[in-house]
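**Q** Let me give you the structure first, and then I'll get to my questions.
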Amino acid sequence: MTKNLIIVESPGKIKTLSKFLGKDFIVEASKGHVIDLPPSRFGVSTENGFVPDFHVVKDRKEVILRLQKVARTVDRIYLAPDPDREGEAISWHLAHILKIDPASDCRVEFNEITENAVRSALKKPRPIDMGRVDAQQARRVLDRLVGYNLSPFLWRKVRRGLSAGRVQSSALKLICDR
């Protein structure tokens, strides 16, 4: 019998999806990002074209091992994290970890957890959208560039523990200009 694996982002979706997809599907969750920039250092090479230094997220190692184990037992894998650039990047990282060709029809998107929406999405899988992946990575790199350089300044001048990101920095500039 053909078995399919569908990987979603949130563990809260597993029970509902399992109920209406039936025994032909195994539903697992990535619990969000499995690969990201390191939490305690800069993680972006500014000397080499702003290349991000991605690593396995510390508390996702068990999730990855479980997904790899299940992936070896199925005929088809669908990557179904949320339908946004974060979900696209999570799909790309999962494809890398599970040795899935990102150009293959492995990505499915649905905007609601209903049987019709999910079954409809499974009928039209698509390749991973590298434009969205690149947009998410650019945002992460920009957050790191701005946050790591501006936050210490805020700690010295305003209050320790404040965080500066790309959105806060732009908003602050608009306020100062006014």
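Identifiers for the structure tokens are assigned positionally: chains receive A, B, ... in sequence, residues are indexed from 1 per chain, and ligands are indexed from 1 in the order shown.
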I'd like a table as a Markdown table: residues in segment 43-157 of chain A with an atom no more than 12 Å from segment 18-26 of chain A, each row giving the shortest atom pair and its distance in Å to one decimal, only C-alpha atoms counted, sorted by chain and rising residue number.
**A**
| residue | atom | partner | partner_atom | distance |
| --- | --- | --- | --- | --- |
| A:Leu67 | CA | A:Ile26 | CA | 10.6 |
| A:Val70 | CA | A:Ile26 | CA | 8.4 |
| A:Ala71 | CA | A:Ile26 | CA | 9.7 |
| A:Thr73 | CA | A:Ile26 | CA | 10.1 |
| A:Val74 | CA | A:Ile26 | CA | 8.6 |
| A:Asp75 | CA | A:Phe25 | CA | 10.3 |
| A:Arg76 | CA | A:Phe25 | CA | 9.5 |
| A:Ile77 | CA | A:Ile26 | CA | 9.5 |
| A:Tyr78 | CA | A:Phe25 | CA | 10.0 |
| A:Ile113 | CA | A:Phe20 | CA | 10.1 |
| A:Thr114 | CA | A:Phe20 | CA | 8.5 |
| A:Glu115 | CA | A:Phe20 | CA | 6.1 |
| A:Asn116 | CA | A:Phe20 | CA | 9.6 |
| A:Ala117 | CA | A:Phe20 | CA | 11.3 |
| A:Val118 | CA | A:Leu21 | CA | 8.6 |
| A:Arg119 | CA | A:Leu21 | CA | 8.1 |
| A:Ser120 | CA | A:Leu21 | CA | 11.8 |
| A:Leu122 | CA | A:Leu21 | CA | 10.4 |
**Q** List the neighbours of Leu37 of chain A out to 10 Å using only C-alpha atoms; skip same-chain residues closer than 6 positions along the sequence, and give me the result as a list in words.
**A** Gly43, Val44, Pro52, Asp53, Phe54, His55, Val56, Val57, Gln137, Arg140, Val141 and Arg144 of chain A
**Q** As number ranges by chain, please: every residue in segment 61-121 of chain A that DSSP puts in strand (DSSP E).
**A** A: 76-79
**Q** What would the file look like if the residues just selected were written as a CSV table (one decimal), in the first residue's frame with C-alpha atoms?
**A**
chain,number,residue,atom,x,y,z
A,76,ARG,CA,5.8,10.3,-1.3
A,77,ILE,CA,6.5,13.4,0.8
A,78,TYR,CA,4.4,16.6,0.8
A,79,LEU,CA,5.8,19.7,2.4
**Q** Counting only C-alpha atoms, what are the residues of segment 62-93 of chain A within 7 Å of segment 8-14 of chain A, and for each of them which pair of atoms is the nearest and at what distance in Å, to one decimal? Sort the table by chain and rising number, as a Markdown table.
**A**
| residue | atom | partner | partner_atom | distance |
| --- | --- | --- | --- | --- |
| A:Leu79 | CA | A:Val8 | CA | 6.7 |
| A:Ala80 | CA | A:Val8 | CA | 4.7 |
| A:Pro81 | CA | A:Val8 | CA | 4.5 |
| A:Asp82 | CA | A:Glu9 | CA | 6.5 |
**Q** Take the residues from that selection and write them out as a PDB file, in the first residue's frame, keeping N, CA and C atoms.
**A**
ATOM      1  N   LEU A  79       5.393  18.646   1.477  1.00  0.00           N
ATOM      2  CA  LEU A  79       5.809  19.667   2.440  1.00  0.00           C
ATOM      3  C   LEU A  79       4.700  20.710   2.511  1.00  0.00           C
ATOM      4  N   ALA A  80       4.084  20.842   3.695  1.00  0.00           N
ATOM      5  CA  ALA A  80       2.910  21.706   3.824  1.00  0.00           C
ATOM      6  C   ALA A  80       2.996  22.691   4.986  1.00  0.00           C
ATOM      7  N   PRO A  81       4.166  23.302   5.235  1.00  0.00           N
ATOM      8  CA  PRO A  81       4.169  24.388   6.219  1.00  0.00           C
ATOM      9  C   PRO A  81       3.275  25.541   5.748  1.00  0.00           C
ATOM     10  N   ASP A  82       3.120  26.535   6.581  1.00  0.00           N
ATOM     11  CA  ASP A  82       2.195  27.641   6.304  1.00  0.00           C
ATOM     12  C   ASP A  82       2.455  28.279   4.935  1.00  0.00           C
TER      13      ASP A  82
END
**Q** Give me every alpha helix (DSSP H) residue in chain A, going by DSSP on the backbone, as a PDB file with C-alpha atoms, in the first residue's frame.
**A**
ATOM      1  CA  ILE A  14      -1.775  16.644  13.077  1.00  0.00           C
ATOM      2  CA  LYS A  15      -4.915  15.179  14.646  1.00  0.00           C
ATOM      3  CA  THR A  16      -7.350  17.020  12.371  1.00  0.00           C
ATOM      4  CA  LEU A  17      -5.438  16.234   9.182  1.00  0.00           C
ATOM      5  CA  SER A  18      -4.937  12.587  10.164  1.00  0.00           C
ATOM      6  CA  LYS A  19      -8.673  12.249  10.729  1.00  0.00           C
ATOM      7  CA  PHE A  20      -9.718  13.161   7.220  1.00  0.00           C
ATOM      8  CA  LEU A  21      -6.642  11.988   5.259  1.00  0.00           C
ATOM      9  CA  LYS A  61      17.379  17.669  16.260  1.00  0.00           C
ATOM     10  CA  GLU A  62      14.903  15.047  17.527  1.00  0.00           C
ATOM     11  CA  VAL A  63      12.228  16.363  15.135  1.00  0.00           C
ATOM     12  CA  ILE A  64      14.660  16.027  12.219  1.00  0.00           C
ATOM     13  CA  LEU A  65      15.656  12.492  13.202  1.00  0.00           C
ATOM     14  CA  ARG A  66      11.976  11.493  13.490  1.00  0.00           C
ATOM     15  CA  LEU A  67      11.137  13.025  10.100  1.00  0.00           C
ATOM     16  CA  GLN A  68      14.109  11.302   8.454  1.00  0.00           C
ATOM     17  CA  LYS A  69      13.072   7.972   9.947  1.00  0.00           C
ATOM     18  CA  VAL A  70       9.462   8.305   8.775  1.00  0.00           C
ATOM     19  CA  ALA A  71      10.568   9.611   5.349  1.00  0.00           C
ATOM     20  CA  ARG A  85       7.650  32.997   2.889  1.00  0.00           C
ATOM     21  CA  GLU A  86       8.488  31.527   6.299  1.00  0.00           C
ATOM     22  CA  GLY A  87       6.674  28.324   5.352  1.00  0.00           C
ATOM     23  CA  GLU A  88       8.433  28.297   2.000  1.00  0.00           C
ATOM     24  CA  ALA A  89      11.838  28.558   3.725  1.00  0.00           C
ATOM     25  CA  ILE A  90      10.863  25.810   6.166  1.00  0.00           C
ATOM     26  CA  SER A  91       9.880  23.655   3.169  1.00  0.00           C
ATOM     27  CA  TRP A  92      13.219  24.360   1.492  1.00  0.00           C
ATOM     28  CA  HIS A  93      15.137  23.404   4.626  1.00  0.00           C
ATOM     29  CA  LEU A  94      13.046  20.245   5.048  1.00  0.00           C
ATOM     30  CA  ALA A  95      13.668  19.341   1.409  1.00  0.00           C
ATOM     31  CA  HIS A  96      17.404  19.714   2.005  1.00  0.00           C
ATOM     32  CA  ILE A  97      17.323  17.604   5.184  1.00  0.00           C
ATOM     33  CA  GLU A 115     -10.942  18.267   4.036  1.00  0.00           C
ATOM     34  CA  ASN A 116     -11.821  19.983   0.752  1.00  0.00           C
ATOM     35  CA  ALA A 117      -8.989  22.532   0.992  1.00  0.00           C
ATOM     36  CA  VAL A 118      -6.366  19.954   1.915  1.00  0.00           C
ATOM     37  CA  ARG A 119      -7.449  17.374  -0.671  1.00  0.00           C
ATOM     38  CA  SER A 120      -7.558  20.101  -3.318  1.00  0.00           C
ATOM     39  CA  ALA A 121      -4.019  21.200  -2.399  1.00  0.00           C
ATOM     40  CA  LEU A 122      -2.755  17.612  -2.590  1.00  0.00           C
ATOM     41  CA  LYS A 123      -4.034  17.406  -6.184  1.00  0.00           C
ATOM     42  CA  MET A 130      12.819  29.947  -4.482  1.00  0.00           C
ATOM     43  CA  GLY A 131      11.759  33.598  -4.822  1.00  0.00           C
ATOM     44  CA  ARG A 132       9.902  33.310  -1.507  1.00  0.00           C
ATOM     45  CA  VAL A 133      12.807  31.403   0.051  1.00  0.00           C
ATOM     46  CA  ASP A 134      15.248  34.109  -1.039  1.00  0.00           C
ATOM     47  CA  ALA A 135      12.905  36.816   0.305  1.00  0.00           C
ATOM     48  CA  GLN A 136      12.748  35.108   3.698  1.00  0.00           C
ATOM     49  CA  GLN A 137      16.515  34.676   3.836  1.00  0.00           C
ATOM     50  CA  ALA A 138      17.066  38.317   2.865  1.00  0.00           C
ATOM     51  CA  ARG A 139      14.689  39.370   5.652  1.00  0.00           C
ATOM     52  CA  ARG A 140      16.540  37.195   8.207  1.00  0.00           C
ATOM     53  CA  VAL A 141      19.916  38.576   7.106  1.00  0.00           C
ATOM     54  CA  LEU A 142      18.606  42.147   7.209  1.00  0.00           C
ATOM     55  CA  ASP A 143      17.118  41.587  10.676  1.00  0.00           C
ATOM     56  CA  ARG A 144      20.489  40.307  11.834  1.00  0.00           C
ATOM     57  CA  LEU A 145      22.468  43.151  10.222  1.00  0.00           C
ATOM     58  CA  VAL A 146      20.236  45.842  11.693  1.00  0.00           C
ATOM     59  CA  GLY A 147      19.477  44.185  15.028  1.00  0.00           C
ATOM     60  CA  TYR A 148      23.003  43.122  15.940  1.00  0.00           C
ATOM     61  CA  ASN A 149      24.436  46.516  15.087  1.00  0.00           C
ATOM     62  CA  LEU A 150      21.696  48.802  16.387  1.00  0.00           C
ATOM     63  CA  SER A 151      20.471  46.991  19.512  1.00  0.00           C
ATOM     64  CA  PRO A 152      23.719  47.519  21.519  1.00  0.00           C
ATOM     65  CA  PHE A 153      23.462  51.242  20.731  1.00  0.00           C
ATOM     66  CA  LEU A 154      19.917  51.282  22.134  1.00  0.00           C
ATOM     67  CA  TRP A 155      21.128  49.444  25.243  1.00  0.00           C
ATOM     68  CA  ARG A 156      23.744  52.145  25.865  1.00  0.00           C
ATOM     69  CA  LYS A 157      21.551  55.150  25.066  1.00  0.00           C
ATOM     70  CA  ARG A 166      14.376  46.428  10.369  1.00  0.00           C
ATOM     71  CA  VAL A 167      10.758  47.468  11.066  1.00  0.00           C
ATOM     72  CA  GLN A 168      11.447  49.258  14.333  1.00  0.00           C
ATOM     73  CA  SER A 169      14.420  51.076  12.800  1.00  0.00           C
ATOM     74  CA  SER A 170      12.376  52.353   9.837  1.00  0.00           C
ATOM     75  CA  ALA A 171       9.540  53.421  12.135  1.00  0.00           C
ATOM     76  CA  LEU A 172      11.994  55.231  14.422  1.00  0.00           C
ATOM     77  CA  LYS A 173      13.482  57.071  11.427  1.00  0.00           C
ATOM     78  CA  LEU A 174      10.013  58.207  10.318  1.00  0.00           C
ATOM     79  CA  ILE A 175       9.252  59.455  13.825  1.00  0.00           C
ATOM     80  CA  CYS A 176      12.558  61.332  14.038  1.00  0.00           C
ATOM     81  CA  ASP A 177      12.015  62.883  10.597  1.00  0.00           C
TER      82      ASP A 177
END
**Q** Go ahead and compute the interatomic distance for atom CA of Val34 of chain A and atom CA of Pro127 of chain A, in Å to one decimal.
**A**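 So the answer is 19.5 Å.
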**Q** To one decimal place in Å, what is the distance between atom CA of Arg159 of chain A and atom CA of Arg178 of chain A?
**A**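 So the two atoms, atom CA of Arg159 of chain A and atom CA of Arg178 of chain A, lie 23.0 Å apart.
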**Q** Considering only C-alpha atoms, can you say which of A:Ser163, A:Thr46, A:Arg107, A:Ile128 comes closest to Ile6 of chain A?
**A** A:Arg107
**Q** Kindly give the distance, in Å, that separates atom CA of Lys99 of chain A and atom CA of Pro39 of chain A, rounded to a single decimal.
**A**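 These atoms are spaced 25.4 Å apart.
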